[in-house]
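Engineer: First the structure, then my questions, so here it is.
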Amino acid sequence: MILSRAKPVVTDGTKKSTSRKEIPKLEDFLEKRDYTGALTLLEYNRNDQNSINTDLWIGYCAFHLGDYKRAAKVYENMKKKGNTSVDLATNLACCYFYLGMYPEALNVVEESPDSRLKIRILFHLSHKMGDEKKLMDYHQMLEDVIEDQLCLASIHYLRAHYQEAIDIYKKILLENRLYNGSAAQAEMKQLMEQTSSSFSFGHDLIRHNIVVFRGGEGALQVLPSLVDVIPEARLNLVIYYLKQNEVREAFELIKDLEPAVPQEYILKGVVNAAIGQETGSRENIKTAQQYFQLVGSSVSECDTIPGRQCMASCFFLFRQFEEVLVYLHSIKSYYFNEDVFNFNYGQAKTAAGYFKEAEDAFLMIRNERYKNDYVYISLLSYCYIMNKKAQLAWELYLKMETSNESFNLLLLIANTCYKVGEFWHAAKAFDMLERMDPSPEHWEGKRGACCGTFQYIVAGKQPKELLPDVIQLLRNTNNSQVEQISRVMRKWGKDNRINF
């Protein structure tokens, strides 16, 4: 008889389940950074285990879940009971630090035994409390180990010493894993999946960084709630509003911020310049000038790219465009294909009278938002005319819908073409203006432009076949002078065998 192997034989009435799983150990949860699971297990077994050891682990897990108040409460209770665990005071100081209780953290950590963690906490506290002497003292105590170096890099970052921070991170990455942007996002995704269940430490920072990595995607869903949690969230949300051309929202978000580092001064300067130009506020423009000059002339920033951009912006607002170009020339190679740079560069070149270079800069712009901006269209039209390409300026006008801006562009084309002797396009522009607004000024402009075109035809600078069109433009006006001028033109045309 062959017994089935599907089920075991039970002989004495005692069943032994093969599917029963062992209860996970604390180490299993900690290895997976499942601090919620570890905390649940610790609380479940609290009465069956050494209470002191359990309390230490509960504090540890609460801290790594970002529940600093609970962790601090655990350590405080242990301290009141006279517990003398080596790391107790240091751990409590870490909790106070993350809660923003810096004096309390300092008092506690000074009582703790010497350790590498103690030095790192004191280093950070010196920065937070503005004690430069102690900051330098603890700086000297840091060693060439990864924890100390990461601590040093973070302080460099907080003090806006970005190059020093980058150098440390590069050195560490050479010895560990080196990520590009895509790999960083993939790693962030894994962390987000962990934080959704148990690993909530750093959850807000990860959400913030993912928005930054994605160029602002999801900014309005993530950043507003983090404005008072992560300092950079406010700045990045302001940048997002500026990119969306929502200047007033950006201003409301940053107007009460007291800048402390160059990046904050620069961003507040940009927002004030934008709102000043939009509303015509001289006060905002003046504030922007002051911020830009403060950064651009500072010893630490004057030779940096942002510092030179600030000086260029300052002189731009003062309308000293030759000075603007000195600074923009010095950084042009870094921003050769950047639309914002080329827009500003083109404006400065136009204002300084370098129309060929200005035209080239404008034509490099790809962003449709800039290309549809009236400032862009009007300045490019002006450059076309000054570069003897009036037909291209006329084509820009023809593409526009009827509006106040198209009327203003027509005025610009008419007067600028007349000024530089592009009389035929001036005549067409004044003719259009006269149809919209039959004022004496527009008739006089058209009359002069038509006569100028006729002179060019007589001198051979324009084809004589253009003469009938000139006469037709004149006849669009009901004025006694039209017949007299037309008679002279027609007589010359007949003498030169022009078919009317």
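In the structure tokens, chains take letters A, B, ... by order of appearance, with residues numbered from 1 within each chain and ligands from 1 in the order shown.
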So that I can see what lies close to region 385-402 of chain A, please list as a PyMOL selection string the residues with an atom at most 8 Å from it, counting only C-alpha atoms and leaving out residues fewer than 3 positions away in the same chain.
Structural biologist: chain A and resi 355-356+377+380-382+405-407+409-410+413+416-417+420+422+425
Engineer: With N, CA, C and O atoms retained, write the just-selected residues as a tab-separated table (two decimals), in the first residue's frame.
Structural biologist:
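The result, written out as again.tsv:
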chain	number	residue	atom	x	y	z
A	355	PHE	N	22.71	95.85	-32.63
A	355	PHE	CA	21.49	95.22	-33.12
A	355	PHE	C	21.72	93.85	-33.76
A	355	PHE	O	20.85	92.98	-33.68
A	356	LYS	N	22.84	93.64	-34.40
A	356	LYS	CA	23.11	92.34	-35.02
A	356	LYS	C	23.24	91.26	-33.94
A	356	LYS	O	22.63	90.18	-34.05
A	377	ILE	N	8.74	90.41	-29.15
A	377	ILE	CA	8.31	90.72	-30.52
A	377	ILE	C	8.74	92.14	-30.92
A	377	ILE	O	9.26	92.36	-32.01
A	380	LEU	N	12.66	92.41	-31.22
A	380	LEU	CA	13.14	91.71	-32.40
A	380	LEU	C	12.76	92.49	-33.66
A	380	LEU	O	13.56	92.62	-34.60
A	381	SER	N	11.55	93.04	-33.68
A	381	SER	CA	11.12	93.87	-34.81
A	381	SER	C	12.04	95.07	-34.97
A	381	SER	O	12.46	95.42	-36.09
A	382	TYR	N	12.36	95.71	-33.86
A	382	TYR	CA	13.24	96.89	-33.89
A	382	TYR	C	14.61	96.51	-34.44
A	382	TYR	O	15.19	97.23	-35.27
A	405	GLU	N	-1.45	95.75	-28.30
A	405	GLU	CA	-0.04	95.46	-28.55
A	405	GLU	C	0.27	95.48	-30.03
A	405	GLU	O	1.33	95.99	-30.45
A	406	SER	N	-0.63	94.97	-30.87
A	406	SER	CA	-0.38	94.99	-32.32
A	406	SER	C	-0.40	96.43	-32.84
A	406	SER	O	0.37	96.79	-33.74
A	407	PHE	N	-1.26	97.28	-32.25
A	407	PHE	CA	-1.30	98.70	-32.63
A	407	PHE	C	0.02	99.37	-32.25
A	407	PHE	O	0.59	100.15	-33.04
A	409	LEU	N	2.91	97.90	-31.90
A	409	LEU	CA	3.96	97.39	-32.78
A	409	LEU	C	3.92	98.10	-34.13
A	409	LEU	O	4.97	98.42	-34.71
A	410	LEU	N	2.71	98.36	-34.61
A	410	LEU	CA	2.55	99.08	-35.87
A	410	LEU	C	3.15	100.49	-35.78
A	410	LEU	O	3.82	100.97	-36.71
A	413	ILE	N	6.94	100.09	-35.90
A	413	ILE	CA	7.42	99.81	-37.26
A	413	ILE	C	7.35	101.06	-38.12
A	413	ILE	O	8.31	101.40	-38.84
A	416	THR	N	10.02	103.77	-36.76
A	416	THR	CA	11.41	103.32	-36.87
A	416	THR	C	11.82	103.18	-38.33
A	416	THR	O	12.93	103.58	-38.73
A	417	CYS	N	10.93	102.61	-39.15
A	417	CYS	CA	11.24	102.48	-40.58
A	417	CYS	C	11.43	103.85	-41.22
A	417	CYS	O	12.34	104.06	-42.04
A	420	VAL	N	14.91	105.30	-40.28
A	420	VAL	CA	16.10	104.71	-40.91
A	420	VAL	C	16.00	104.68	-42.44
A	420	VAL	O	16.85	104.10	-43.11
A	422	GLU	N	13.56	103.25	-44.30
A	422	GLU	CA	12.83	102.10	-44.88
A	422	GLU	C	11.42	102.59	-45.20
A	422	GLU	O	10.43	102.18	-44.59
A	425	HIS	N	8.01	100.25	-46.12
A	425	HIS	CA	7.36	99.60	-44.98
A	425	HIS	C	6.78	100.64	-44.01
A	425	HIS	O	5.75	100.38	-43.36
Engineer: Quick one: residues within 12 Å of Asp67 (chain A), only C-alpha atoms counted, chain neighbours fewer than 5 positions away excluded, as a list in words?
Structural biologist: Tyr35, Thr36, Leu39, Ile58, Gly59, Tyr60, Cys61, Ala62, Ala72, Lys73, Val74, Cys94, Cys95, Tyr96, Tyr98, Leu99, Phe199, Ser200, Phe201 and Gly202 of chain A
Engineer: Could you name the residues that touch Leu106 (chain A) at 10 Å or less, counting only C-alpha atoms, but leaving out those on the same chain fewer than 3 positions away, as an MDAnalysis selection string?
Structural biologist: chainID A and resid 90 93:94 96:97 101:103 109:111 121:122 125:126 129
Engineer: So what do you get for CA of His139 (chain A) versus CA of Phe123 (chain A), distance-wise?
Structural biologist: 6.8 Å
Engineer: Using only C-alpha atoms, determine which residues lie at most 7 Å from region 162-176 of chain A, disregarding the query and same-chain residues fewer than 6 positions distant; provide the list as number ranges by chain.
Structural biologist: A: 149, 153-154, 156
Engineer: For the residues in the current selection, export N, CA, C and O atoms as a PDB file, in the first residue's frame.
Structural biologist:
ATOM      1  N   GLN A 149      32.382  63.442   8.395  1.00  0.00           N
ATOM      2  CA  GLN A 149      32.478  64.181   7.140  1.00  0.00           C
ATOM      3  C   GLN A 149      31.102  64.579   6.598  1.00  0.00           C
ATOM      4  O   GLN A 149      30.934  65.661   6.055  1.00  0.00           O
ATOM      5  N   ALA A 153      29.865  68.330   5.914  1.00  0.00           N
ATOM      6  CA  ALA A 153      29.258  68.732   4.639  1.00  0.00           C
ATOM      7  C   ALA A 153      27.918  69.423   4.870  1.00  0.00           C
ATOM      8  O   ALA A 153      27.593  70.417   4.200  1.00  0.00           O
ATOM      9  N   SER A 154      27.136  68.917   5.829  1.00  0.00           N
ATOM     10  CA  SER A 154      25.831  69.527   6.089  1.00  0.00           C
ATOM     11  C   SER A 154      25.973  70.938   6.639  1.00  0.00           C
ATOM     12  O   SER A 154      25.204  71.837   6.284  1.00  0.00           O
ATOM     13  N   HIS A 156      28.528  72.956   6.017  1.00  0.00           N
ATOM     14  CA  HIS A 156      28.940  73.760   4.866  1.00  0.00           C
ATOM     15  C   HIS A 156      27.725  74.157   4.042  1.00  0.00           C
ATOM     16  O   HIS A 156      27.593  75.308   3.604  1.00  0.00           O
TER      17      HIS A 156
END
Engineer: Determine the nearest neighbour of Tyr334 (chain A) from the options A:Gln309, A:Glu465, A:Ser403, A:Cys314, counting only C-alpha atoms.
Structural biologist: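 Closest to Tyr334 (chain A) of all the choices is A:Gln309.
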Engineer: Tell me which protein, DNA and RNA residues are within 12 Å of Pro24 (chain A), counting only C-alpha atoms, leaving out same-chain ones fewer than 2 positions away, and put them as an MDAnalysis selection string.
Structural biologist: chainID A and resid 21:22 26:32 34 37:38 40:42
Engineer: Restricting the output to C-alpha atoms, write the selected residues as a PDB file, in the first residue's frame.
Structural biologist:
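Contents of selection-v9.pdb, freshly written:
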ATOM      1  CA  LYS A  21       5.719  30.701  11.213  1.00  0.00           C
ATOM      2  CA  GLU A  22       8.042  31.807  13.949  1.00  0.00           C
ATOM      3  CA  LEU A  26      13.513  42.474  16.968  1.00  0.00           C
ATOM      4  CA  GLU A  27      16.700  42.205  14.910  1.00  0.00           C
ATOM      5  CA  ASP A  28      14.667  41.190  11.844  1.00  0.00           C
ATOM      6  CA  PHE A  29      12.599  44.372  11.990  1.00  0.00           C
ATOM      7  CA  LEU A  30      15.609  46.590  12.636  1.00  0.00           C
ATOM      8  CA  GLU A  31      17.565  45.078   9.747  1.00  0.00           C
ATOM      9  CA  LYS A  32      14.705  45.969   7.398  1.00  0.00           C
ATOM     10  CA  ASP A  34      10.748  48.461   9.859  1.00  0.00           C
ATOM     11  CA  GLY A  37       6.989  46.652  13.336  1.00  0.00           C
ATOM     12  CA  ALA A  38       9.862  46.782  15.834  1.00  0.00           C
ATOM     13  CA  THR A  40       4.830  47.018  17.954  1.00  0.00           C
ATOM     14  CA  LEU A  41       6.883  43.980  18.972  1.00  0.00           C
ATOM     15  CA  LEU A  42       8.610  45.873  21.787  1.00  0.00           C
TER      16      LEU A  42
END
Engineer: Could you give me, as JSON, numbers by chain, each residue of region 332-394 of chain A that DSSP assigns to alpha helix (DSSP H) when run on this structure's backbone?
Structural biologist: {"A": [339, 340, 341, 342, 343, 344, 345, 346, 347, 348, 349, 350, 351, 352, 355, 356, 357, 358, 359, 360, 361, 362, 363, 368, 369, 370, 371, 374, 375, 376, 377, 378, 379, 380, 381, 382, 383, 384, 385, 386, 390, 391, 392, 393, 394]}
Engineer: Counting only C-alpha atoms, what is within 12 Å of Pro113 (chain A), bar same-chain residues fewer than 4 positions away, as JSON, numbers by chain?
Structural biologist: {"A": [84, 85, 86, 87, 88, 89, 90, 91, 108, 109, 117, 118, 119]}
Engineer: Here is a test: counting only C-alpha atoms, which residue of A:Lys446, A:Arg234, A:Arg308, A:His124 is nearest to Leu158 (chain A)?
Structural biologist: A:His124
Engineer: Under the rule that only C-alpha atoms are counted, which of A:Ile285, A:Ala71, A:Lys25, A:Met489 is the nearest residue to Asn45 (chain A)?
Structural biologist: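 When distances to Asn45 (chain A) are compared using only C-alpha atoms, the smallest one comes from A:Lys25.
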Engineer: As a PyMOL selection string, please: the residues near region 319-323 of chain A (cut-off 7 Å, only C-alpha atoms, same-chain neighbours under 5 positions excluded).
Structural biologist: chain A and resi 348+351-352
Engineer: Okay, now the selection with C-alpha atoms, as a PDB file, in the first residue's frame?
Structural biologist:
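Listed below is the output, part_13.pdb:
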ATOM      1  CA  ALA A 348      20.902  94.669 -23.225  1.00  0.00           C
ATOM      2  CA  ALA A 351      19.579  99.043 -25.594  1.00  0.00           C
ATOM      3  CA  ALA A 352      23.319  99.467 -26.167  1.00  0.00           C
TER       4      ALA A 352
END
Engineer: Give the answer as one residue: which of A:Arg369, A:Arg159, A:Lys79, A:Arg120 has the shortest atom-to-atom distance to Met141 (chain A), using only C-alpha atoms?
Structural biologist: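 Looking only at the distances to Met141 (chain A), the closest residue turns out to be A:Arg120.
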